[in-house]
file final_23.cif (mmCIF, C-alpha atoms)
data_run
loop_
_atom_site.label_atom_id
_atom_site.label_comp_id
_atom_site.auth_asym_id
_atom_site.auth_seq_id
_atom_site.Cartn_x
_atom_site.Cartn_y
_atom_site.Cartn_z
CA MET A 134 0.00 0.00 0.00
CA ALA A 135 1.28 3.43 -0.90
CA LYS A 136 2.06 6.10 1.68
CA THR A 137 2.17 9.57 0.19
CA ALA A 138 5.18 11.78 0.89
CA LYS A 139 5.37 15.52 0.21
CA ALA A 140 4.69 16.71 -3.31
CA ALA A 141 7.45 18.09 -5.49
CA ALA A 142 7.19 21.49 -7.16
CA ASP A 143 4.90 21.28 -10.19
CA PRO A 144 6.45 23.01 -13.21
CA ASP A 145 3.43 22.28 -15.43
CA SER A 146 -0.20 22.69 -14.39
CA THR A 147 -1.19 19.73 -16.59
CA VAL A 148 1.12 17.35 -14.70
CA ARG A 149 1.19 16.47 -11.02
CA THR A 150 4.31 15.20 -9.26
CA ARG A 151 4.49 13.31 -5.98
CA ARG A 152 6.76 11.14 -3.90
CA ALA A 153 5.43 8.03 -2.21
CA TYR A 154 6.46 4.80 -0.53
CA PHE A 155 5.34 1.37 -1.71
CA ASP A 156 5.86 -2.01 -0.08
CA CYS A 157 7.88 -4.72 -1.79
CA ARG A 158 9.40 -8.00 -0.62
CA PHE A 159 12.60 -6.19 0.45
CA GLY A 160 10.91 -3.43 2.48
CA GLN A 161 9.69 -0.07 1.28
CA LEU A 162 10.50 1.54 -2.06
CA HIS A 163 10.71 5.32 -2.27
CA VAL A 164 9.15 6.32 -5.59
CA ARG A 165 8.95 9.59 -7.52
CA THR A 166 5.80 9.85 -9.62
CA ALA A 167 4.38 12.17 -12.26
CA PHE A 168 0.99 11.88 -13.89
CA PRO A 169 -1.50 13.87 -15.96
CA ALA A 170 -3.75 16.07 -13.84
CA THR A 171 -6.80 14.71 -15.66
CA GLY A 172 -5.78 11.06 -15.34
CA GLY A 173 -8.50 8.69 -16.50
CA PHE A 174 -8.82 6.18 -19.28
CA GLY A 175 -7.06 8.23 -21.97
CA GLU A 176 -3.57 7.63 -20.58
CA GLN A 177 -0.89 5.74 -22.45
CA VAL A 178 0.79 2.73 -20.83
CA THR A 179 2.51 3.56 -17.54
CA LEU A 180 6.28 4.13 -17.76
CA VAL A 181 8.71 2.93 -15.06
CA CYS A 182 12.18 4.55 -15.01
CA LEU A 183 15.15 2.62 -13.58
CA HIS A 184 18.22 4.50 -12.37
CA PRO A 185 21.96 3.57 -12.51
CA LYS A 186 23.46 1.39 -9.80
CA ALA A 187 25.22 4.23 -8.00
CA GLY A 188 22.30 6.64 -8.26
CA SER A 189 18.66 7.08 -7.34
CA SER A 190 15.39 8.22 -8.86
CA ARG A 191 16.71 11.79 -8.55
CA ALA A 192 18.41 11.15 -11.93
CA PHE A 193 14.94 11.50 -13.51
CA ALA A 194 13.65 14.43 -11.43
CA ARG A 195 13.61 16.92 -14.33
CA PHE A 196 12.55 14.33 -16.90
CA LEU A 197 9.46 12.88 -15.19
CA PRO A 198 7.04 15.83 -15.48
CA LEU A 199 8.09 16.36 -19.10
CA ILE A 200 7.01 12.90 -20.28
CA ALA A 201 3.94 12.59 -18.02
CA GLY A 202 1.57 14.64 -20.15
CA THR A 203 -0.25 11.54 -21.41
CA ARG A 204 0.98 8.75 -19.13
CA SER A 205 1.72 8.07 -15.49
CA VAL A 206 5.43 7.68 -14.72
CA TYR A 207 7.10 6.01 -11.73
CA ALA A 208 10.79 6.16 -10.83
CA PRO A 209 11.64 4.00 -7.80
CA ASP A 210 14.76 4.18 -5.69
CA LEU A 211 15.82 0.56 -6.12
CA PRO A 212 16.33 -1.50 -2.92
CA GLY A 213 19.28 -0.16 -0.94
CA CYS A 214 19.47 3.04 -3.00
CA GLY A 215 18.26 6.56 -2.30
CA GLU A 216 15.55 6.52 0.34
CA SER A 217 14.47 2.90 -0.17
CA ASP A 218 15.12 0.13 2.33
CA GLY A 219 18.31 -1.89 1.84
CA PRO A 220 20.52 -3.75 1.35
CA THR A 221 21.09 -3.51 -2.40
CA GLN A 222 20.01 -6.50 -4.47
CA GLY A 223 21.19 -8.29 -7.59
CA LEU A 224 19.46 -7.91 -10.96
CA ALA A 225 16.94 -10.71 -10.45
CA GLN A 226 15.96 -9.48 -6.99
CA ALA A 227 15.73 -5.84 -8.13
CA ALA A 228 13.50 -6.99 -11.01
CA ASP A 229 11.28 -8.70 -8.44
CA ALA A 230 11.02 -5.42 -6.52
CA VAL A 231 9.90 -3.56 -9.67
CA ALA A 232 7.39 -6.33 -10.42
CA ASP A 233 6.07 -5.94 -6.86
CA LEU A 234 5.62 -2.22 -7.50
CA ALA A 235 3.66 -2.92 -10.69
CA ALA A 236 1.49 -5.42 -8.83
CA ASP A 237 0.85 -2.95 -6.01
CA LEU A 238 -0.26 -0.42 -8.63
CA ARG A 239 -2.41 -3.10 -10.31
CA LEU A 240 -0.69 -2.59 -13.64
CA ARG A 241 -1.06 -5.40 -16.16
CA GLN A 242 1.54 -3.90 -18.50
CA ILE A 243 4.26 -1.29 -18.22
CA ASP A 244 6.88 0.32 -20.42
CA VAL A 245 10.37 0.49 -18.91
CA LEU A 246 13.19 3.00 -19.33
CA GLY A 247 16.61 2.06 -17.97
CA LEU A 248 19.71 4.24 -17.64
CA GLN A 249 23.16 2.58 -17.55
CA GLU A 250 22.86 -0.35 -15.10
CA GLY A 251 19.16 0.44 -15.00
CA ALA A 252 19.08 -0.64 -18.66
CA GLU A 253 20.43 -4.05 -17.66
CA LEU A 254 17.70 -4.25 -15.03
CA ALA A 255 15.09 -3.32 -17.65
CA VAL A 256 16.31 -6.21 -19.82
CA GLU A 257 16.23 -8.56 -16.83
CA LEU A 258 12.65 -7.57 -16.06
CA ALA A 259 11.56 -7.83 -19.71
CA LEU A 260 13.03 -11.33 -19.99
CA ALA A 261 11.65 -12.52 -16.66
CA LYS A 262 8.21 -10.92 -17.09
CA PRO A 263 7.51 -10.72 -20.83
CA ALA A 264 3.77 -10.34 -20.27
CA LEU A 265 4.37 -7.37 -17.97
CA VAL A 266 6.89 -5.38 -20.04
CA ARG A 267 5.39 -4.05 -23.27
CA ARG A 268 8.14 -1.70 -24.57
CA ALA A 269 11.68 -0.88 -23.44
CA VAL A 270 13.98 2.14 -23.77
CA LEU A 271 17.61 1.37 -22.88
CA VAL A 272 20.05 4.25 -22.41
CA GLY A 273 23.83 4.04 -21.96
CA ARG A 274 26.44 1.32 -21.91
CA PHE A 275 24.74 -2.01 -21.39
CA ALA A 276 25.04 -5.69 -22.29
CA LEU A 277 24.00 -5.92 -25.94
CA ASP A 278 24.12 -9.71 -25.87
CA ARG A 279 21.23 -9.74 -23.43
CA ALA A 280 19.37 -6.94 -25.20
CA ARG A 281 19.39 -9.08 -28.36
CA LEU A 282 17.20 -11.58 -26.52
CA LEU A 283 14.35 -9.09 -26.20
CA ARG A 284 11.25 -9.63 -28.29
CA GLN A 285 9.51 -6.45 -27.16
CA PRO A 286 9.87 -3.32 -29.30
CA CYS A 287 12.93 -1.53 -27.95
CA LEU A 288 14.83 1.72 -28.42
CA LEU A 289 18.57 1.53 -27.69
CA LEU A 290 20.22 4.90 -27.07
CA SER A 291 24.00 4.58 -26.72
CA ILE A 292 25.80 7.61 -25.32
CA GLY A 293 29.36 8.89 -25.03
CA ASP A 294 32.32 8.86 -27.40
CA ALA A 295 31.14 8.48 -30.99
CA SER A 296 33.84 5.87 -31.58
CA GLN A 297 32.15 3.62 -29.05
CA GLY A 298 28.93 3.68 -31.01
CA ALA A 299 30.80 3.16 -34.25
CA HIS A 300 32.71 0.11 -33.03
CA ALA A 301 29.83 -1.63 -31.27
CA ASP A 302 28.11 -4.33 -33.31
CA PHE A 303 24.45 -3.47 -33.78
CA SER A 304 24.12 -5.35 -37.08
CA ASP A 305 22.25 -8.38 -35.76
CA LEU A 306 19.70 -6.67 -33.53
CA PRO A 307 16.14 -8.01 -33.78
CA SER A 308 13.88 -6.18 -36.22
CA ALA A 309 11.83 -4.73 -33.34
CA VAL A 310 14.91 -2.96 -31.95
CA ARG A 311 15.92 0.53 -33.04
CA HIS A 312 19.37 1.98 -32.26
CA LEU A 313 20.44 5.62 -31.92
CA HIS A 314 23.75 7.10 -30.79
CA VAL A 315 24.14 10.38 -28.90
CA ALA A 316 27.64 11.70 -28.18
CA GLU A 317 26.59 14.89 -26.36
CA TYR A 318 25.89 15.15 -22.64
CA ALA A 319 27.19 11.65 -21.97
CA ASP A 320 27.50 12.07 -18.22
CA ASP A 321 24.32 14.00 -17.46
CA LEU A 322 21.96 13.36 -20.34
CA PHE A 323 18.74 13.49 -18.31
CA GLU A 324 19.86 16.68 -16.60
CA ALA A 325 21.15 18.48 -19.70
CA ALA A 326 18.53 17.50 -22.28
CA PRO A 327 15.36 16.29 -20.51
CA LYS A 328 12.95 17.98 -22.95
CA THR A 329 14.64 16.43 -25.97
CA LEU A 330 14.61 12.97 -24.40
CA ALA A 331 10.99 13.28 -23.28
CA LYS A 332 9.89 14.19 -26.79
CA GLN A 333 11.97 11.45 -28.40
CA PHE A 334 10.96 8.69 -26.01
CA ALA A 335 7.27 9.65 -26.00
CA ALA A 336 7.25 9.54 -29.80
CA PHE A 337 8.75 6.04 -29.75
CA LEU A 338 6.36 4.74 -27.08
CA ASP A 339 3.31 6.26 -28.73
CA GLU A 340 4.37 5.08 -32.18
CA THR A 341 4.79 1.48 -31.06
CA ALA A 342 1.55 1.71 -29.09
CA ALA A 343 -0.26 2.72 -32.27
CA GLY A 344 1.52 0.05 -34.32
#

call {"tool": "encode", "arguments": {"input": "final_23.cif", "output": "structure tokens"}}
result
Amino acid sequence: MAKTAKAAADPDSTVRTRRAYFDCRFGQLHVRTAFPATGGFGEQVTLVCLHPKAGSSRAFARFLPLIAGTRSVYAPDLPGCGESDGPTQGLAQAADAVADLAADLRLRQIDVLGLQEGAELAVELALAKPALVRRAVLVGRFALDRARLLRQPCLLLSIGDASQGAHADFSDLPSAVRHLHVAEYADDLFEAAPKTLAKQFAAFLDETAAG
């Protein structure tokens, strides 16, 4: 059951932001949320954002209200990170915690967005719970071998030195997977370009939803 924490500043009157705590098998998860003020049945599929191993949901603080115009968005502090109960867990256990969050919210399907190690967690969750994860957005340096196993439509956004993107082998990705490379803002992409990312990711999620 959720316990509401104080609301964050709302930069857009059409979007509401909150912080809350949800129970999972490892204790309580601290979760940042953003959702359309109108809510209701017109929303797109809920998006869950997964932060890097050394970070917290704060990585998405600027991004959440920008992509929540037509969908609810949840960014949990993974177990042992941020303000969530610890200790930290491995990929399989962290995926279980995210699945618990989805169950607590009574969500039959979610889209997932993972940053750096959060991308690996998104893959883990998509492989373990294929009926739960509908679409995936993977950002950063992650294990391509595992990403190739995905059957869900997926957007891969590699970041950093252009040579890294050039030398990586993306030739045998499944047809449902799209790859883009961004060299700018490698270390703080969600802080430096949240509006650009929100527009790009929303277009991908809405496009695949329509298709």

call {"tool": "residues_around", "arguments": {"input": "final_23.cif", "residues": "Glu253 (chain A)", "least_positions_apart": "4", "cutoff": "12 Å", "atoms": "all atoms listed in the file", "output": "MDAnalysis selection string"}}
result
chainID A and resid 183:186 223:225 227:228 245:249 257:260 269:281 283 289

call {"tool": "resolve_selection", "arguments": {"input": "final_23.cif", "expression": "the PyMOL selection byres ((chain A and resi 167) around 8)", "output": "number ranges by chain"}}
result
A: 148-151, 165-166, 168-169, 197-198, 201, 205-207

call {"tool": "atom_distance", "arguments": {"input": "final_23.cif", "atom1": "CA of Ala335 (chain A)", "atom2": "CA of Leu162 (chain A)"}}
result
25.5 Å

call {"tool": "atom_distance", "arguments": {"input": "final_23.cif", "atom1": "CA of Val266 (chain A)", "atom2": "CA of Phe193 (chain A)"}}
result
19.8 Å

call {"tool": "closest_residue", "arguments": {"input": "final_23.cif", "among": "A:Leu238, A:Gly251, A:Ile200, A:Asp233", "to": "Ala187 (chain A)", "atoms": "all atoms listed in the file"}}
result
A:Gly251

call {"tool": "resolve_selection", "arguments": {"input": "final_23.cif", "expression": "the PyMOL selection byres ((chain A and resi 321-326) around 12)", "output": "JSON, numbers by chain"}}
result
{"A": [182, 184, 185, 188, 190, 191, 192, 193, 194, 195, 196, 197, 199, 200, 246, 247, 248, 249, 272, 273, 290, 291, 292, 293, 315, 316, 317, 318, 319, 320, 327, 328, 329, 330, 331, 332, 333, 334]}

call {"tool": "resolve_selection", "arguments": {"input": "final_23.cif", "expression": "the PyMOL selection byres ((chain A and resi 154) around 12)", "output": "ChimeraX atom specification"}}
result
/A:134-139,151-153,155-157,160-166,207-212,216-218,234,237-238

call {"tool": "atom_distance", "arguments": {"input": "final_23.cif", "atom1": "CA of Thr171 (chain A)", "atom2": "CA of Leu288 (chain A)"}}
result
28.3 Å

call {"tool": "residues_near_point", "arguments": {"input": "final_23.cif", "point": "(5.8, 0.3, -20.9)", "cutoff": "9 Å", "atoms": "only C-alpha atoms", "output": "list in words"}}
result
Gln177, Val178, Thr179, Leu180, Val181, Gln242, Ile243, Asp244, Val245, Leu246, Leu265, Val266, Arg267, Arg268, Ala269, Val270 and Leu338 of chain A
